[in-house]
2 protein chains.
Amino acid sequence: MWSYSGSSALNNEFRQASELALEADRADALGGYREAFIIDDPSLIYLDGNSLGRLPKAVPAVIERVLRKEWGSTLIGSWNRSWIPLLDRVRTKLALLLGVHPVEVVVGDSTSIQLYKLSLAMARHFNAPKILTDARNFPSDLYVLEQVARDTGKELVTAERPDQLSVSREFAYGSVSHVRFTTGERFDLGELNDQLPMLWDLSHSVGVVPIDLSTSTAAVGCSYKYLNGGPGAPAFMYLQRDLHGALENPIPGWFGHDRPFEFESGYAPRPDAQRFQISTPAVLSLAAMEPGLDLVLEAGVSVIWSKACALTALFIELIGSFIPEVVNVTPIDPERRGAHVSLAHPEAWRICQSLIQHHHVVPDFRAPDLVRFGFSPLTTRYCDVVAAVNALRRVLDEKSYHAIPSVRPTVT
Amino acid sequence: MWSYSGSSALNNEFRQASELALEADRADALGGYREAFIIDDPSLIYLDGNSLGRLPKAVPAVIERVLRKEWGSTLIGSWNRSWIPLLDRVRTKLALLLGVHPVEVVVGDSTSIQLYKLSLAMARHFNAPKILTDARNFPSDLYVLEQVARDTGKELVTAERPDQLSVSREFAYGSVSHVRFTTGERFDLGELNDQLPMLWDLSHSVGVVPIDLSTSTAAVGCSYKYLNGGPGAPAFMYLQRDLHGALENPIPGWFGHDRPFEFESGYAPRPDAQRFQISTPAVLSLAAMEPGLDLVLEAGVSVIWSKACALTALFIELIGSFIPEVVNVTPIDPERRGAHVSLAHPEAWRICQSLIQHHHVVPDFRAPDLVRFGFSPLTTRYCDVVAAVNALRRVLDEKSYHAIPSVRPTVT
């Protein structure tokens with residue numbers, strides 16, 4: 001399988017690495033979790049669980065029940081009997097995962113909408129004139145924060161290293177992604193929380209990195225990455241208890257009303273974070289989200305994180321040894337990264353496409369020059385890491401990526 | 001079956017009505033559409049399709065495909081191959097239904113969020129100091145409009161009859177529900193559109209009342225009522241073409257960016273209404289929405305509306321003849337109503353519960369004193385109307401509602 005054209009010493013080294021990987025898979029305490037997911041093509045090396053996690057096996061039966069029994073048969077009665085309890089259950093499980101109280105968590109909408117609600121509410125509550133963010137934050141986060149700053153007459157300060165800025169009292173709050181979507185760099189929650197009220201975006205860490213929110217003011221995140229919640233699954237938000245009475249939902253809706261079924265014409269928000277609920281949730285998408293959450297809770301994030309560390313460390317090591325022509329832009333120190341690793345190369349787009357089309361290895365591309373490999377520990381094996389490195393070596397050796405058009409298609 | 005304790009003349013009259021109803025069902029051009037829905041308990045008289053429409057038979061297979069093939073097998077590749085095309089397709093079909101251009105329609109989020117985005121964008125665009133709404137608008141709409149008025153320094157004028165107000169130039173725009181959720185009264189789109197720019201909420205009319213948006217500035221609506229899109233299905237918005245360049249999405253997200261996959265840190269909105277798209281859609285809920293939309297398009301809204309007129313007229317007539325102790329608060333003129341009829345009674349809550357629990361007839365209750373009967377034409381038969389009136393007669397005669405606790409449970 002290994003096709004490196006270099007020295008036989010390197011060939012031996014790679015063969016050794018492959019054997020160690022197989023050994024590690026046999027000893028893997030999480031190895032059995034692949035069985036909990038639908039993996040109908042075992043030859044596919046899927047390293048994009050950080051963008052869309054795999055389908056848990058339990059989901060189709062759950063959805064079948066929601067469709068036929070709850071929607072089809074019980075109809076409107078399912079709101080009280082099944083769907084409001086579902087919403088409460090998912091919220092409670094997310095709270096458990098995040099180590100916070102269920103009244104501090106809201107599930108629904110998209111990450112951008114959750115971020116908008118909290119960032120605008122915080123901008124209205126905290127008087128100081130500046131908002132801090134990471135210059136390399138996810139674009140949607142930047143767009144929302146920029147808009148919120150404009151709407152509240154504040155200044156958005158985009159720092160290259162928000163954690164190295166000496167933060168003055170001029171900052172109302174900060175909003176940063178826990179793990180950068182490009183490089184996979186991870187910020188220290190406590191370090192920034194000590195400086196100013198923080199609103200974290202946990203999209204690239206929730207479900208894979210242990211998260212201690214105890215000193216955080218607020219957070220948002222998505223559930224379709226390491227939580228395997230399905231395409232466009234509902235997002236979530238967390239708001240620290242002491243602020244529940246003080247922060248107002250800028251999009252007040254009937255489902256965040258204290259007495260929603262009285263249909264009062266005056267708005268009276270619920271006393272807890274549920275005031276940030278707007279409308280009824282997208283039930284099918286919400287129901288599909290629960291099995292993935294259950295698997296993460298059962299496996300335990302600290303165990304998941306140990307494996308993520310080992311997988312990413314193995315990948316970084318193999319890349320360092322065997323693929324010298326790419327630049328690893330992800331930190332070597334596991335305490336400073338998440339569970340994905342990005343490699344820079346001027347031909348990143350074509351290399352990524354060649355891996356997918358010619359080698360059945362699926363990373364993703366992030367403009368302008370990154371190939372991003374995600375290692376979702378419940379479904380990724382050590383041998384997948386080795387196989388991905390091998391495929392990348394072949395793509396570069398055979399220059400198979402030259403067959404890919406260099407003009408990227410624009411989507412939609 | 002008929003248990004009216006009154007005169008034999010009335011008994012005869014009711015028997016005649018029953019026979020005419022059966023006749024009407026046999027002649028009903030839409031009668032076959034019940035077959036397109038899952039109706040596993042034919043004895044259930046479901047008159048709440050105006051709150052949650054029934055499950056189209058095609059949905060389970062669609063969802064099975066989305067789960068196993070698209071999410072399970074094709075994984076991330078399904079975004080380009082299936083889910084963005086799905087979003088475009090649903091959008092195009094909604095545009096067809098509304099008689100507008102696909103670039104004028106956006107699908108996703110919830111009705112309240114769509115309303116928030118458009119109402120805030122319109123408040124920022126139109127300078128006049130007042131916003132007009134209906135004092136009896138859906139509470140969430142009122143909360144959102146109140147908030148938008150506050151955020152933009154405008155005054156929200158809540159009129160008892162917004163269509164009878166002589167509208168001055170002081171009004172920036174108006175936002176009214178096409179059909180009132182309580183009484184079922186319908187406003188004339190053209191009449192108000194002639195007065196001022198209007199943002200309509202079509203939730204209680206879309207899919208059942210023919211809608212001509214040609215003179216409307218903007219609209220929002222939900223898809224889980226007469227469109228049978230499923231619990232919490234995505235909402236939609238319409239924005240008239242001439243305003244696409246002028247109105248900014250107040251929640252700018254990466255999916256409304258002109259080049260979303262370039263992940264640029266500066267926001268550059270799409271030229272059309274798609275700039276109001278925020279994030280990736282909730283795919284499962286979106287996919288489940290398509291079959292219901294297909295059925296409405298196939299049957300045709302004008303045919304659906306004819307039947308809705310006949311069903312509601314029959315109900316109103318029978319109530320007038322046989323249930324004198326309730327007050328019909330819905331207009332008699334079909335041009336001034338939607339497809340639901342509401343009856344006022346001091347014991348509305350207990351009557352509603354007794355109909356559900358003792359008679360297998362499902363209307364819904366709207367505080368403080370309305371029992372609301374929805375007649376979704378694709379799944380409701382004329383004999384269902386007669387059966388509902390009969391059940392209501394029995395509940396009142398037998399006073400079976402006295403067995404229901406008068407204290408309503410609070411939900412959640």
# chains A, B, ... in the order shown; residues from 1 in each chain; ligands from 1

$ interface_residues --of "chain A" --to "chain B" --cutoff "6 Å" --atoms "only C-alpha atoms" --output "ChimeraX atom specification"
/A:52,55,72,76,139-140,143-144,231-233,252-254,262-263,265,267,280-285,367

$ residues_around --residues "Arg336 in chain B" --least-positions-apart "4" --cutoff "8 Å" --atoms "only C-alpha atoms" --output "ChimeraX atom specification"
/B:185-188,331-332

$ residues_around --residues "Gly32 in chain A" --least-positions-apart "4" --cutoff "12 Å" --atoms "only C-alpha atoms" --output "PyMOL selection string"
chain A and resi 25-28+36-37+295+299+377-381

$ write_last_selection --atoms "C-alpha atoms" --output "CSV table (one decimal), in the first residue's frame"
chain,number,residue,atom,x,y,z
A,25,ASP,CA,-6.9,0.2,17.1
A,26,ARG,CA,-7.0,-3.3,18.7
A,27,ALA,CA,-6.4,-1.7,22.1
A,28,ASP,CA,-8.7,1.3,21.6
A,36,ALA,CA,-22.9,2.6,16.8
A,37,PHE,CA,-22.8,4.5,13.5
A,295,LEU,CA,-23.2,8.4,22.4
A,299,ALA,CA,-18.3,7.4,25.9
A,377,PRO,CA,-12.7,9.9,17.8
A,378,LEU,CA,-15.9,7.8,17.9
A,379,THR,CA,-15.6,6.9,14.2
A,380,THR,CA,-12.0,7.4,13.3
A,381,ARG,CA,-9.4,4.6,13.6

$ residues_around --residues "Gly245 in chain B" --least-positions-apart "5" --cutoff "9 Å" --atoms "only C-alpha atoms" --output "PDB file with C-alpha atoms, in the first residue's frame"
ATOM      1  CA  ARG B 270     -25.840  38.358  -2.157  1.00  0.00           C
ATOM      2  CA  PRO B 271     -27.621  40.654  -4.599  1.00  0.00           C
ATOM      3  CA  ASP B 272     -31.070  39.054  -4.156  1.00  0.00           C
ATOM      4  CA  ALA B 273     -33.296  38.077  -1.250  1.00  0.00           C
TER       5      ALA B 273
END

$ atom_distance --atom1 "CA of Leu293 in chain A" --atom2 "CA of Met237 in chain A"
15.3 Å

$ select_by_dssp --residues "range 182-279 of chain A" --states "strand (DSSP E)" --output "compact mmCIF listing (two decimals) with N, CA, C and O atoms, in the first residue's frame"
# COMPACT_ATOMS: atom_id res chain seq x y z
N MET A 198 -16.87 36.68 28.54
CA MET A 198 -16.65 36.03 27.24
C MET A 198 -17.89 35.28 26.75
O MET A 198 -18.57 34.61 27.51
N LEU A 199 -18.10 35.40 25.46
CA LEU A 199 -19.13 34.64 24.75
C LEU A 199 -18.39 33.73 23.77
O LEU A 199 -17.86 34.19 22.76
N TRP A 200 -18.33 32.46 24.10
CA TRP A 200 -17.54 31.51 23.30
C TRP A 200 -18.37 30.85 22.21
O TRP A 200 -19.54 30.55 22.41
N ASP A 201 -17.73 30.58 21.08
CA ASP A 201 -18.34 29.71 20.08
C ASP A 201 -17.64 28.35 20.19
O ASP A 201 -16.44 28.23 19.89
N ALA A 218 -21.03 33.28 28.65
CA ALA A 218 -21.99 32.76 27.68
C ALA A 218 -21.27 31.94 26.62
O ALA A 218 -20.05 32.05 26.46
N ALA A 219 -22.04 31.13 25.90
CA ALA A 219 -21.46 30.32 24.83
C ALA A 219 -22.54 29.91 23.85
O ALA A 219 -23.74 29.91 24.18
N VAL A 220 -22.11 29.60 22.65
CA VAL A 220 -23.00 29.03 21.64
C VAL A 220 -22.25 27.88 20.97
O VAL A 220 -21.05 27.72 21.15
N GLY A 221 -22.97 27.09 20.21
CA GLY A 221 -22.29 26.02 19.48
C GLY A 221 -23.25 25.25 18.60
O GLY A 221 -24.47 25.39 18.73
N PHE A 236 -27.12 25.50 20.00
CA PHE A 236 -27.45 25.70 21.41
C PHE A 236 -26.78 26.96 21.91
O PHE A 236 -25.88 27.50 21.27
N MET A 237 -27.25 27.45 23.06
CA MET A 237 -26.58 28.55 23.73
C MET A 237 -26.57 28.29 25.23
O MET A 237 -27.40 27.55 25.76
N TYR A 238 -25.60 28.88 25.87
CA TYR A 238 -25.48 28.82 27.33
C TYR A 238 -25.39 30.25 27.84
O TYR A 238 -24.70 31.08 27.24
N LEU A 239 -26.12 30.54 28.90
CA LEU A 239 -25.97 31.85 29.55
C LEU A 239 -25.88 31.64 31.05
O LEU A 239 -26.75 31.00 31.67

$ atom_distance --atom1 "CA of Val296 in chain B" --atom2 "CA of Gly207 in chain B"
6.3 Å

$ select_by_dssp --residues "range 188-220 of chain B" --states "alpha helix (DSSP H)" --output "list of chain:residue names"
B:Leu189, B:Gly190, B:Glu191, B:Leu192, B:Asn193
